[in-house]
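Chemist: What follows is query.cif, made up of mmCIF, C-alpha atoms:
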data_query
loop_
_atom_site.group_PDB
_atom_site.id
_atom_site.type_symbol
_atom_site.label_atom_id
_atom_site.label_comp_id
_atom_site.auth_asym_id
_atom_site.auth_seq_id
_atom_site.Cartn_x
_atom_site.Cartn_y
_atom_site.Cartn_z
ATOM 1 C CA MET A 7 49.942 42.183 17.370
ATOM 2 C CA ARG A 8 46.278 42.863 16.573
ATOM 3 C CA ASN A 9 45.414 46.195 14.944
ATOM 4 C CA THR A 10 42.942 48.201 17.011
ATOM 5 C CA PRO A 11 40.202 49.919 14.986
ATOM 6 C CA PRO A 12 39.824 53.687 15.481
ATOM 7 C CA PRO A 13 37.183 54.749 18.009
ATOM 8 C CA PRO A 14 33.824 55.870 16.569
ATOM 9 C CA HIS A 15 33.406 59.549 15.636
ATOM 10 C CA GLY A 16 37.068 60.195 16.352
ATOM 11 C CA ASP A 17 36.597 60.012 20.132
ATOM 12 C CA GLY A 18 39.325 58.636 22.356
ATOM 13 C CA PRO A 19 39.119 55.251 24.038
ATOM 14 C CA GLU A 20 36.460 54.902 26.713
ATOM 15 C CA THR A 21 37.317 53.069 29.910
ATOM 16 C CA GLY A 22 35.231 49.955 30.382
ATOM 17 C CA HIS A 23 33.675 50.223 26.896
ATOM 18 C CA ILE A 24 32.314 46.845 25.676
ATOM 19 C CA ASP A 25 31.177 46.897 22.061
ATOM 20 C CA THR A 26 28.988 43.797 21.977
ATOM 21 C CA PHE A 27 25.614 43.016 20.474
ATOM 22 C CA GLU A 28 24.091 42.955 23.949
ATOM 23 C CA ALA A 29 25.500 46.370 24.773
ATOM 24 C CA ARG A 30 24.295 47.870 21.530
ATOM 25 C CA ARG A 31 20.861 46.272 21.864
ATOM 26 C CA PRO A 32 19.579 46.859 25.388
ATOM 27 C CA ASP A 33 16.248 45.276 24.439
ATOM 28 C CA SER A 34 17.792 41.959 23.376
ATOM 29 C CA ARG A 35 16.902 40.260 26.647
ATOM 30 C CA SER A 36 13.237 41.113 26.225
ATOM 31 C CA GLY A 37 13.451 39.828 22.661
ATOM 32 C CA VAL A 38 14.774 36.487 23.870
ATOM 33 C CA GLN A 39 11.985 36.382 26.455
ATOM 34 C CA ALA A 40 9.376 36.996 23.754
ATOM 35 C CA ILE A 41 10.791 34.134 21.673
ATOM 36 C CA ALA A 42 10.723 31.820 24.701
ATOM 37 C CA ARG A 43 7.111 32.766 25.434
ATOM 38 C CA ALA A 44 6.101 32.232 21.805
ATOM 39 C CA ALA A 45 7.755 28.803 21.910
ATOM 40 C CA THR A 46 5.767 27.994 25.057
ATOM 41 C CA ILE A 47 2.545 28.818 23.205
ATOM 42 C CA LEU A 48 3.543 26.665 20.224
ATOM 43 C CA ARG A 49 4.341 23.726 22.503
ATOM 44 C CA ALA A 50 0.923 24.069 24.168
ATOM 45 C CA LEU A 51 -0.753 24.044 20.736
ATOM 46 C CA GLU A 52 1.313 21.015 19.670
ATOM 47 C CA VAL A 53 -0.578 18.809 22.111
ATOM 48 C CA ALA A 54 -3.968 20.413 21.444
ATOM 49 C CA PRO A 55 -4.978 19.401 17.902
ATOM 50 C CA ARG A 56 -8.515 20.684 18.489
ATOM 51 C CA GLY A 57 -7.141 24.103 19.357
ATOM 52 C CA LEU A 58 -7.260 26.288 22.464
ATOM 53 C CA GLY A 59 -8.956 29.558 23.311
ATOM 54 C CA ILE A 60 -6.916 32.510 24.571
ATOM 55 C CA SER A 61 -7.957 31.845 28.180
ATOM 56 C CA GLU A 62 -7.070 28.155 27.825
ATOM 57 C CA LEU A 63 -3.700 29.066 26.349
ATOM 58 C CA ALA A 64 -3.046 31.468 29.208
ATOM 59 C CA SER A 65 -3.864 28.716 31.697
ATOM 60 C CA ALA A 66 -1.733 26.129 29.864
ATOM 61 C CA THR A 67 1.305 28.411 29.586
ATOM 62 C CA GLY A 68 1.013 30.438 32.786
ATOM 63 C CA LEU A 69 1.193 33.664 30.770
ATOM 64 C CA PRO A 70 -1.131 36.680 31.132
ATOM 65 C CA LYS A 71 -4.030 36.739 28.671
ATOM 66 C CA SER A 72 -2.852 40.063 27.240
ATOM 67 C CA THR A 73 0.588 38.572 26.524
ATOM 68 C CA VAL A 74 -0.942 35.482 24.927
ATOM 69 C CA HIS A 75 -3.216 37.596 22.739
ATOM 70 C CA ARG A 76 -0.297 39.761 21.583
ATOM 71 C CA LEU A 77 1.933 36.765 20.809
ATOM 72 C CA VAL A 78 -0.845 34.850 19.028
ATOM 73 C CA THR A 79 -1.415 37.875 16.793
ATOM 74 C CA ALA A 80 2.295 38.015 15.956
ATOM 75 C CA LEU A 81 2.455 34.240 15.326
ATOM 76 C CA ALA A 82 -0.633 34.418 13.095
ATOM 77 C CA GLU A 83 1.003 37.135 10.977
ATOM 78 C CA GLU A 84 3.848 34.703 10.275
ATOM 79 C CA GLN A 85 1.393 31.773 9.683
ATOM 80 C CA LEU A 86 2.866 29.978 12.695
ATOM 81 C CA ALA A 87 -0.573 30.010 14.321
ATOM 82 C CA SER A 88 -4.139 30.526 13.166
ATOM 83 C CA GLN A 89 -7.346 31.541 14.904
ATOM 84 C CA ASP A 90 -10.801 30.479 13.743
ATOM 85 C CA GLY A 91 -14.088 32.350 13.964
ATOM 86 C CA GLU A 92 -14.724 30.939 17.442
ATOM 87 C CA GLY A 93 -11.414 32.264 18.714
ATOM 88 C CA ARG A 94 -9.694 28.887 18.977
ATOM 89 C CA VAL A 95 -5.988 28.953 18.184
ATOM 90 C CA ARG A 96 -4.201 26.177 16.312
ATOM 91 C CA LEU A 97 -0.790 25.680 14.772
ATOM 92 C CA GLY A 98 -0.479 27.469 11.445
ATOM 93 C CA ASN A 99 0.452 26.338 7.942
ATOM 94 C CA ALA A 100 4.045 27.505 8.303
ATOM 95 C CA ILE A 101 4.530 24.963 11.072
ATOM 96 C CA ALA A 102 3.560 22.184 8.660
ATOM 97 C CA ARG A 103 6.104 23.416 6.119
ATOM 98 C CA LEU A 104 8.836 23.635 8.739
ATOM 99 C CA GLY A 105 7.811 20.235 10.077
ATOM 100 C CA ALA A 106 8.058 18.649 6.630
ATOM 101 C CA ALA A 107 11.581 19.990 6.189
ATOM 102 C CA SER A 108 12.535 18.839 9.682
ATOM 103 C CA ARG A 109 11.098 15.348 9.141
ATOM 104 C CA GLU A 110 13.019 14.942 5.886
ATOM 105 C CA ALA A 111 16.262 15.946 7.609
ATOM 106 C CA LEU A 112 15.513 13.608 10.516
ATOM 107 C CA GLY A 113 14.988 10.672 8.177
ATOM 108 C CA GLU A 114 18.270 11.330 6.391
ATOM 109 C CA ARG A 115 20.239 11.545 9.641
ATOM 110 C CA LEU A 116 18.751 8.348 11.049
ATOM 111 C CA ARG A 117 18.761 6.312 7.834
ATOM 112 C CA PRO A 118 21.962 4.369 8.745
ATOM 113 C CA VAL A 119 20.372 3.260 12.043
ATOM 114 C CA LEU A 120 17.185 2.161 10.261
ATOM 115 C CA VAL A 121 19.134 0.232 7.617
ATOM 116 C CA ASP A 122 21.223 -1.510 10.279
ATOM 117 C CA LEU A 123 18.097 -2.557 12.189
ATOM 118 C CA ARG A 124 16.478 -3.893 9.008
ATOM 119 C CA ARG A 125 19.595 -5.971 8.325
ATOM 120 C CA ARG A 126 19.597 -7.361 11.862
ATOM 121 C CA LEU A 127 15.940 -8.388 11.903
ATOM 122 C CA ASP A 128 15.237 -8.856 8.194
ATOM 123 C CA GLU A 129 11.974 -6.961 8.784
ATOM 124 C CA THR A 130 10.561 -3.611 7.680
ATOM 125 C CA VAL A 131 11.646 -0.639 9.811
ATOM 126 C CA ASP A 132 9.610 2.569 10.143
ATOM 127 C CA LEU A 133 10.386 6.033 11.485
ATOM 128 C CA ALA A 134 7.445 8.129 12.664
ATOM 129 C CA VAL A 135 6.801 11.432 14.447
ATOM 130 C CA LEU A 136 3.948 12.902 16.425
ATOM 131 C CA ASP A 137 1.617 14.914 14.196
ATOM 132 C CA GLY A 138 -1.142 16.488 16.261
ATOM 133 C CA GLY A 139 -3.318 13.688 17.574
ATOM 134 C CA ALA A 140 -1.781 11.065 15.288
ATOM 135 C CA VAL A 141 1.518 9.499 14.309
ATOM 136 C CA ARG A 142 2.949 10.177 10.846
ATOM 137 C CA PHE A 143 5.375 7.870 9.037
ATOM 138 C CA VAL A 144 8.352 9.858 7.720
ATOM 139 C CA ASP A 145 10.758 7.151 6.556
ATOM 140 C CA GLN A 146 10.828 3.415 5.931
ATOM 141 C CA VAL A 147 13.308 0.670 5.063
ATOM 142 C CA PRO A 148 11.262 -2.244 3.656
ATOM 143 C CA ALA A 149 12.098 -5.876 4.337
ATOM 144 C CA PRO A 150 13.335 -7.966 1.389
ATOM 145 C CA ARG A 151 10.538 -10.495 1.862
ATOM 146 C CA ARG A 152 7.457 -11.401 -0.153
ATOM 147 C CA LEU A 153 5.348 -11.468 3.020
ATOM 148 C CA ARG A 154 6.062 -8.208 4.804
ATOM 149 C CA ALA A 155 4.266 -5.435 6.655
ATOM 150 C CA MET A 156 4.266 -2.115 4.787
ATOM 151 C CA SER A 157 2.799 1.355 5.220
ATOM 152 C CA SER A 158 3.328 4.438 3.085
ATOM 153 C CA VAL A 159 5.637 7.282 4.058
ATOM 154 C CA GLY A 160 3.415 10.248 4.869
ATOM 155 C CA GLU A 161 0.559 8.044 6.063
ATOM 156 C CA VAL A 162 -1.084 8.958 9.373
ATOM 157 C CA PHE A 163 -2.085 6.342 11.960
ATOM 158 C CA PRO A 164 -3.859 6.653 15.339
ATOM 159 C CA LEU A 165 -1.839 6.827 18.540
ATOM 160 C CA HIS A 166 -3.738 4.473 20.811
ATOM 161 C CA CYS A 167 -3.384 1.251 18.811
ATOM 162 C CA THR A 168 0.057 1.477 17.194
ATOM 163 C CA ALA A 169 3.435 0.619 18.674
ATOM 164 C CA ASN A 170 5.041 3.916 17.651
ATOM 165 C CA GLY A 171 2.004 5.881 18.816
ATOM 166 C CA LYS A 172 1.960 4.233 22.240
ATOM 167 C CA ALA A 173 5.716 4.680 22.572
ATOM 168 C CA LEU A 174 5.311 8.429 22.013
ATOM 169 C CA LEU A 175 2.290 8.703 24.333
ATOM 170 C CA ALA A 176 4.200 6.974 27.134
ATOM 171 C CA THR A 177 6.682 9.865 27.303
ATOM 172 C CA MET A 178 3.954 12.434 27.990
ATOM 173 C CA PRO A 179 2.262 13.568 31.206
ATOM 174 C CA ALA A 180 -1.346 12.487 31.711
ATOM 175 C CA ASP A 181 -2.860 15.850 30.751
ATOM 176 C CA GLN A 182 -1.096 15.822 27.377
ATOM 177 C CA VAL A 183 -2.186 12.249 26.736
ATOM 178 C CA GLU A 184 -5.800 13.234 27.456
ATOM 179 C CA ALA A 185 -5.501 16.245 25.141
ATOM 180 C CA LEU A 186 -4.194 14.115 22.267
ATOM 181 C CA LEU A 187 -6.519 11.135 22.532
ATOM 182 C CA PRO A 188 -9.977 11.326 20.926
ATOM 183 C CA THR A 189 -13.048 11.324 23.144
ATOM 184 C CA ARG A 190 -13.798 7.750 22.049
ATOM 185 C CA LEU A 191 -11.018 5.297 21.243
ATOM 186 C CA GLU A 192 -11.848 3.757 17.886
ATOM 187 C CA ARG A 193 -11.848 -0.017 17.571
ATOM 188 C CA PHE A 194 -9.954 -1.248 14.504
ATOM 189 C CA THR A 195 -9.722 -4.959 15.351
ATOM 190 C CA PRO A 196 -11.002 -7.226 18.154
ATOM 191 C CA GLN A 197 -7.626 -6.622 19.862
ATOM 192 C CA THR A 198 -7.832 -2.819 19.907
ATOM 193 C CA ILE A 199 -7.710 -1.325 23.396
ATOM 194 C CA VAL A 200 -10.740 0.948 23.697
ATOM 195 C CA SER A 201 -10.743 1.292 27.490
ATOM 196 C CA ARG A 202 -8.979 4.468 28.574
ATOM 197 C CA ALA A 203 -8.014 2.970 31.931
ATOM 198 C CA LYS A 204 -6.500 -0.106 30.299
ATOM 199 C CA LEU A 205 -4.592 2.014 27.789
ATOM 200 C CA LEU A 206 -3.163 4.237 30.534
ATOM 201 C CA ASP A 207 -2.059 1.124 32.451
ATOM 202 C CA GLU A 208 -0.262 -0.122 29.356
ATOM 203 C CA LEU A 209 1.391 3.269 28.789
ATOM 204 C CA ALA A 210 2.752 3.098 32.341
ATOM 205 C CA GLN A 211 4.335 -0.251 31.481
ATOM 206 C CA VAL A 212 5.764 1.193 28.253
ATOM 207 C CA TYR A 213 7.271 4.041 30.263
ATOM 208 C CA GLU A 214 9.027 1.512 32.508
ATOM 209 C CA THR A 215 10.298 -0.813 29.766
ATOM 210 C CA GLY A 216 10.896 1.749 27.010
ATOM 211 C CA VAL A 217 9.226 -0.499 24.426
ATOM 212 C CA ALA A 218 5.631 -0.568 23.144
ATOM 213 C CA PHE A 219 3.766 -3.401 21.411
ATOM 214 C CA ASP A 220 0.925 -3.535 18.917
ATOM 215 C CA ARG A 221 -0.484 -7.045 18.964
ATOM 216 C CA GLU A 222 -2.838 -6.916 15.969
ATOM 217 C CA GLU A 223 -4.520 -3.847 17.474
ATOM 218 C CA HIS A 224 -4.535 -1.707 14.326
ATOM 219 C CA THR A 225 -4.511 -4.351 11.594
ATOM 220 C CA GLU A 226 -5.385 -8.012 11.974
ATOM 221 C CA GLY A 227 -2.418 -10.237 11.245
ATOM 222 C CA ILE A 228 0.125 -7.445 11.775
ATOM 223 C CA CYS A 229 2.035 -6.807 15.016
ATOM 224 C CA ALA A 230 4.728 -4.240 15.811
ATOM 225 C CA VAL A 231 7.319 -3.135 18.337
ATOM 226 C CA GLY A 232 8.184 0.539 18.877
ATOM 227 C CA ALA A 233 10.517 2.721 20.940
ATOM 228 C CA VAL A 234 11.065 6.465 21.230
ATOM 229 C CA VAL A 235 14.102 8.313 19.931
ATOM 230 C CA GLY A 236 14.886 10.869 22.626
ATOM 231 C CA ASP A 237 13.422 10.950 26.121
ATOM 232 C CA GLU A 238 10.372 12.109 28.046
ATOM 233 C CA ASP A 239 11.532 15.730 27.878
ATOM 234 C CA ASN A 240 12.290 15.645 24.167
ATOM 235 C CA PRO A 241 10.649 12.739 22.270
ATOM 236 C CA LEU A 242 11.826 13.366 18.717
ATOM 237 C CA ALA A 243 10.463 10.336 16.877
ATOM 238 C CA ALA A 244 9.672 6.647 17.215
ATOM 239 C CA ILE A 245 11.288 3.678 15.529
ATOM 240 C CA SER A 246 9.036 0.679 14.957
ATOM 241 C CA VAL A 247 9.218 -2.723 13.308
ATOM 242 C CA PRO A 248 5.918 -4.105 11.929
ATOM 243 C CA VAL A 249 5.898 -7.885 11.583
ATOM 244 C CA PRO A 250 3.331 -10.367 10.220
ATOM 245 C CA GLY A 251 1.816 -12.300 13.124
ATOM 246 C CA PRO A 252 3.373 -15.696 12.271
ATOM 247 C CA ARG A 253 6.878 -14.169 12.528
ATOM 248 C CA PHE A 254 6.100 -12.040 15.599
ATOM 249 C CA TYR A 255 4.843 -14.340 18.310
ATOM 250 C CA GLY A 256 7.739 -15.982 20.122
ATOM 251 C CA ARG A 257 10.165 -13.247 18.960
ATOM 252 C CA GLU A 258 8.899 -10.446 21.205
ATOM 253 C CA LYS A 259 12.040 -10.332 23.361
ATOM 254 C CA GLU A 260 14.404 -10.366 20.378
ATOM 255 C CA LEU A 261 12.427 -7.662 18.597
ATOM 256 C CA ALA A 262 12.112 -5.493 21.713
ATOM 257 C CA GLU A 263 15.831 -5.606 22.451
ATOM 258 C CA ALA A 264 16.744 -4.785 18.850
ATOM 259 C CA VAL A 265 14.276 -1.899 18.528
ATOM 260 C CA GLY A 266 15.211 -0.487 21.933
ATOM 261 C CA GLY A 267 18.891 -0.625 21.018
ATOM 262 C CA ALA A 268 18.244 1.079 17.693
ATOM 263 C CA ALA A 269 16.300 3.876 19.400
ATOM 264 C CA THR A 270 19.250 4.438 21.756
ATOM 265 C CA ALA A 271 21.677 4.483 18.823
ATOM 266 C CA ALA A 272 19.422 6.940 16.984
ATOM 267 C CA GLY A 273 19.404 9.258 19.986
ATOM 268 C CA GLU A 274 23.187 9.143 20.121
ATOM 269 C CA ALA A 275 23.376 9.856 16.382
ATOM 270 C CA LEU A 276 21.299 12.984 16.915
ATOM 271 C CA GLY A 277 23.479 14.060 19.828
#
Represent the structure contained in this file as structure tokens.

Modeler:
Amino acid sequence: MRNTPPPPHGDGPETGHIDTFEARRPDSRSGVQAIARAATILRALEVAPRGLGISELASATGLPKSTVHRLVTALAEEQLASQDGEGRVRLGNAIARLGAASREALGERLRPVLVDLRRRLDETVDLAVLDGGAVRFVDQVPAPRRLRAMSSVGEVFPLHCTANGKALLATMPADQVEALLPTRLERFTPQTIVSRAKLLDELAQVYETGVAFDREEHTEGICAVGAVVGDEDNPLAAISVPVPGPRFYGREKELAEAVGGAATAAGEALG
């Protein structure tokens, strides 16, 4: 039999009384709504590395300008957003700190999947996340070979000419892709795709197959295969395998199947 605590202030029991957090905090629903609206603003800024004005944010989120202004002020006080002299709003420094902690945790949770893929292919395996208008490497399991493709953890690469970058772009709607891509696509090698139309066509193919390729588009002599961990509604990261050209050509199908399977396993590991 459970002991019943005495009623407050010595009063007798009240019929229908529900002593819950919601009942004691009638404004809790509006608080949840404010958090949801703030999250909407942060997501809009995530795909706008050059920043957005208050009116642009209102248009992107569907929120009234007065609400956006109030929430941006509150986010800026917590360093979750910042506003420059021209009134453009960007993600704040606190987001970078939170992101760094999140990326470290993500790498630790997915490390067994990365190690297993490296063992299967005997090639370097990378884990990367979207970072503004670029892709940032957050973990790596190097291949035990003298000739191997390597990049440094923490290094930032462009989206349009990397396998992991294209895999992430393919999950996004066209307006987000346009917001993330630079005005002019930089050419890194003779194979780099610098035509917007051609890149969008390739992203459509990546969306259908779930696997993206970099055929010496960022670095001559180095190819890669990449796939997204998550889905189009929640792309968390991208797994990629960079391979020296001589070991890549003729193995595309094998590499694609292995990387795609690893991305699926990673998604399951994250629940």

Chemist: Go ahead and compute the interatomic distance for atom CA of A:Gln197 and atom CA of A:Glu223, in Å to one decimal.

Modeler: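 About the pair atom CA of A:Gln197 and atom CA of A:Glu223: they are 4.8 Å apart.
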
Chemist: Please write the residues picked by the PyMOL selection byres ((chain A and resi 160-162) around 8) on this file as an MDAnalysis selection string.

Modeler: chainID A and resid 140:144 157:159 163:164

Chemist: Which residue out of A:Pro55, A:Gly227, A:Gly93, A:Pro248 has the minimum interatomic distance to A:Pro196 when all atoms listed in the file are used?

Modeler: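 Checking each of A:Pro55, A:Gly227, A:Gly93, A:Pro248 against A:Pro196, counting all atoms listed in the file, the winner is A:Gly227.
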
Chemist: If we count only C-alpha atoms, what is near A:Glu238 at a cut-off of 12 Å, once residues fewer than 3 positions away on the same chain are taken out, given as a PDB file with C-alpha atoms, in the frame of the given file?

Modeler:
ATOM      1  CA  ALA A 173       5.716   4.680  22.572  1.00  0.00           C
ATOM      2  CA  LEU A 174       5.311   8.429  22.013  1.00  0.00           C
ATOM      3  CA  LEU A 175       2.290   8.703  24.333  1.00  0.00           C
ATOM      4  CA  ALA A 176       4.200   6.974  27.134  1.00  0.00           C
ATOM      5  CA  THR A 177       6.682   9.865  27.303  1.00  0.00           C
ATOM      6  CA  MET A 178       3.954  12.434  27.990  1.00  0.00           C
ATOM      7  CA  PRO A 179       2.262  13.568  31.206  1.00  0.00           C
ATOM      8  CA  VAL A 212       5.764   1.193  28.253  1.00  0.00           C
ATOM      9  CA  TYR A 213       7.271   4.041  30.263  1.00  0.00           C
ATOM     10  CA  GLU A 214       9.027   1.512  32.508  1.00  0.00           C
ATOM     11  CA  GLY A 216      10.896   1.749  27.010  1.00  0.00           C
ATOM     12  CA  ALA A 233      10.517   2.721  20.940  1.00  0.00           C
ATOM     13  CA  VAL A 234      11.065   6.465  21.230  1.00  0.00           C
ATOM     14  CA  VAL A 235      14.102   8.313  19.931  1.00  0.00           C
ATOM     15  CA  PRO A 241      10.649  12.739  22.270  1.00  0.00           C
ATOM     16  CA  LEU A 242      11.826  13.366  18.717  1.00  0.00           C
ATOM     17  CA  ALA A 243      10.463  10.336  16.877  1.00  0.00           C
TER      18      ALA A 243
END

Chemist: Using all atoms listed in the file for the distances, tell me which of A:Glu52, A:Asp237, A:Glu84, A:Glu258 is nearest to A:Thr270.

Modeler: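 Checking each candidate against A:Thr270, we get A:Asp237 as the closest.
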
Chemist: Considering only C-alpha atoms, can you say which of A:Ala44, A:Arg257, A:Arg49, A:His224 comes closest to A:Thr79?

Modeler: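 Between A:Ala44, A:Arg257, A:Arg49, A:His224, the residue approaching A:Thr79 most closely is A:Ala44.
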
Chemist: Looking at A:Ser72, A:Thr195, A:Gln182, A:Ser65, which one is nearest to A:Val53, with distances taken over all atoms listed in the file?

Modeler: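 Among the listed residues, A:Gln182 lies closest to A:Val53.
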
Chemist: What would the selection look like, as a ChimeraX atom specification, if the PyMOL selection byres ((chain A and resi 80-82) around 10) were run on the coordinates I just shared?

Modeler: /A:44,47-48,74-79,83-89,95-100

Chemist: Just need the box for stretch 159-169 of chain A, edges along x, y and z, holding every atom the file lists for it with 8 Å tacked onto each side, so centre and edge lengths in Å to one decimal, as lines of an AutoDock Vina configuration file.

Modeler:
center_x = 0.9
center_y = 5.4
center_z = 12.4
size_x = 25.5
size_y = 25.6
size_z = 32.8

Chemist: Step by step, work through what the PyMOL selection byres ((chain A and resi 250) around 8) selects in the shown file, and finish by giving those residues as a PyMOL selection string.

Modeler: chain A and resi 153-155+227-229+248-249+251-254

Chemist: Have a look at A:Val183, A:Ala262, A:Ala54, A:Arg94 and name the one nearest to A:Leu206; count all atoms listed in the file.

Modeler: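 Closest residue, counting all atoms listed in the file: A:Val183.
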
Chemist: Find, counting only C-alpha atoms, the residue in A:Ile245, A:Leu69, A:Ala42, A:Ala264 that gets nearest to A:Asp128.

Modeler: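 Closest to A:Asp128, using only C-alpha atoms: A:Ala264.
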
Chemist: Just give me the gap between atom CA of A:Leu104 and atom CA of A:Ser246 in Å, one decimal is fine.

Modeler: 23.8 Å

Chemist: Which distance in Å separates atom CA of A:Arg190 and atom CA of A:Thr67, to one decimal?

Modeler: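 Computed distance, atom CA of A:Arg190 to atom CA of A:Thr67, equals 26.7 Å.
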
Chemist: Which polymer residues have any atom within 9 Å of an atom of A:Arg115, counting all atoms listed in the file, with same-chain residues fewer than 4 positions away left out, as a list in words?

Modeler: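 So the residues in contact are Glu110, Ala111, Val119, Ala272, Ala275 and Leu276 of chain A.
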
Chemist: Neighbourhood query: residues within 8 Å of (6.5, 2.8, 18.0), file coordinates, counting all atoms listed in the file; return as a PyMOL selection string.

Modeler: chain A and resi 134+168-174+217-219+230-234+244-247
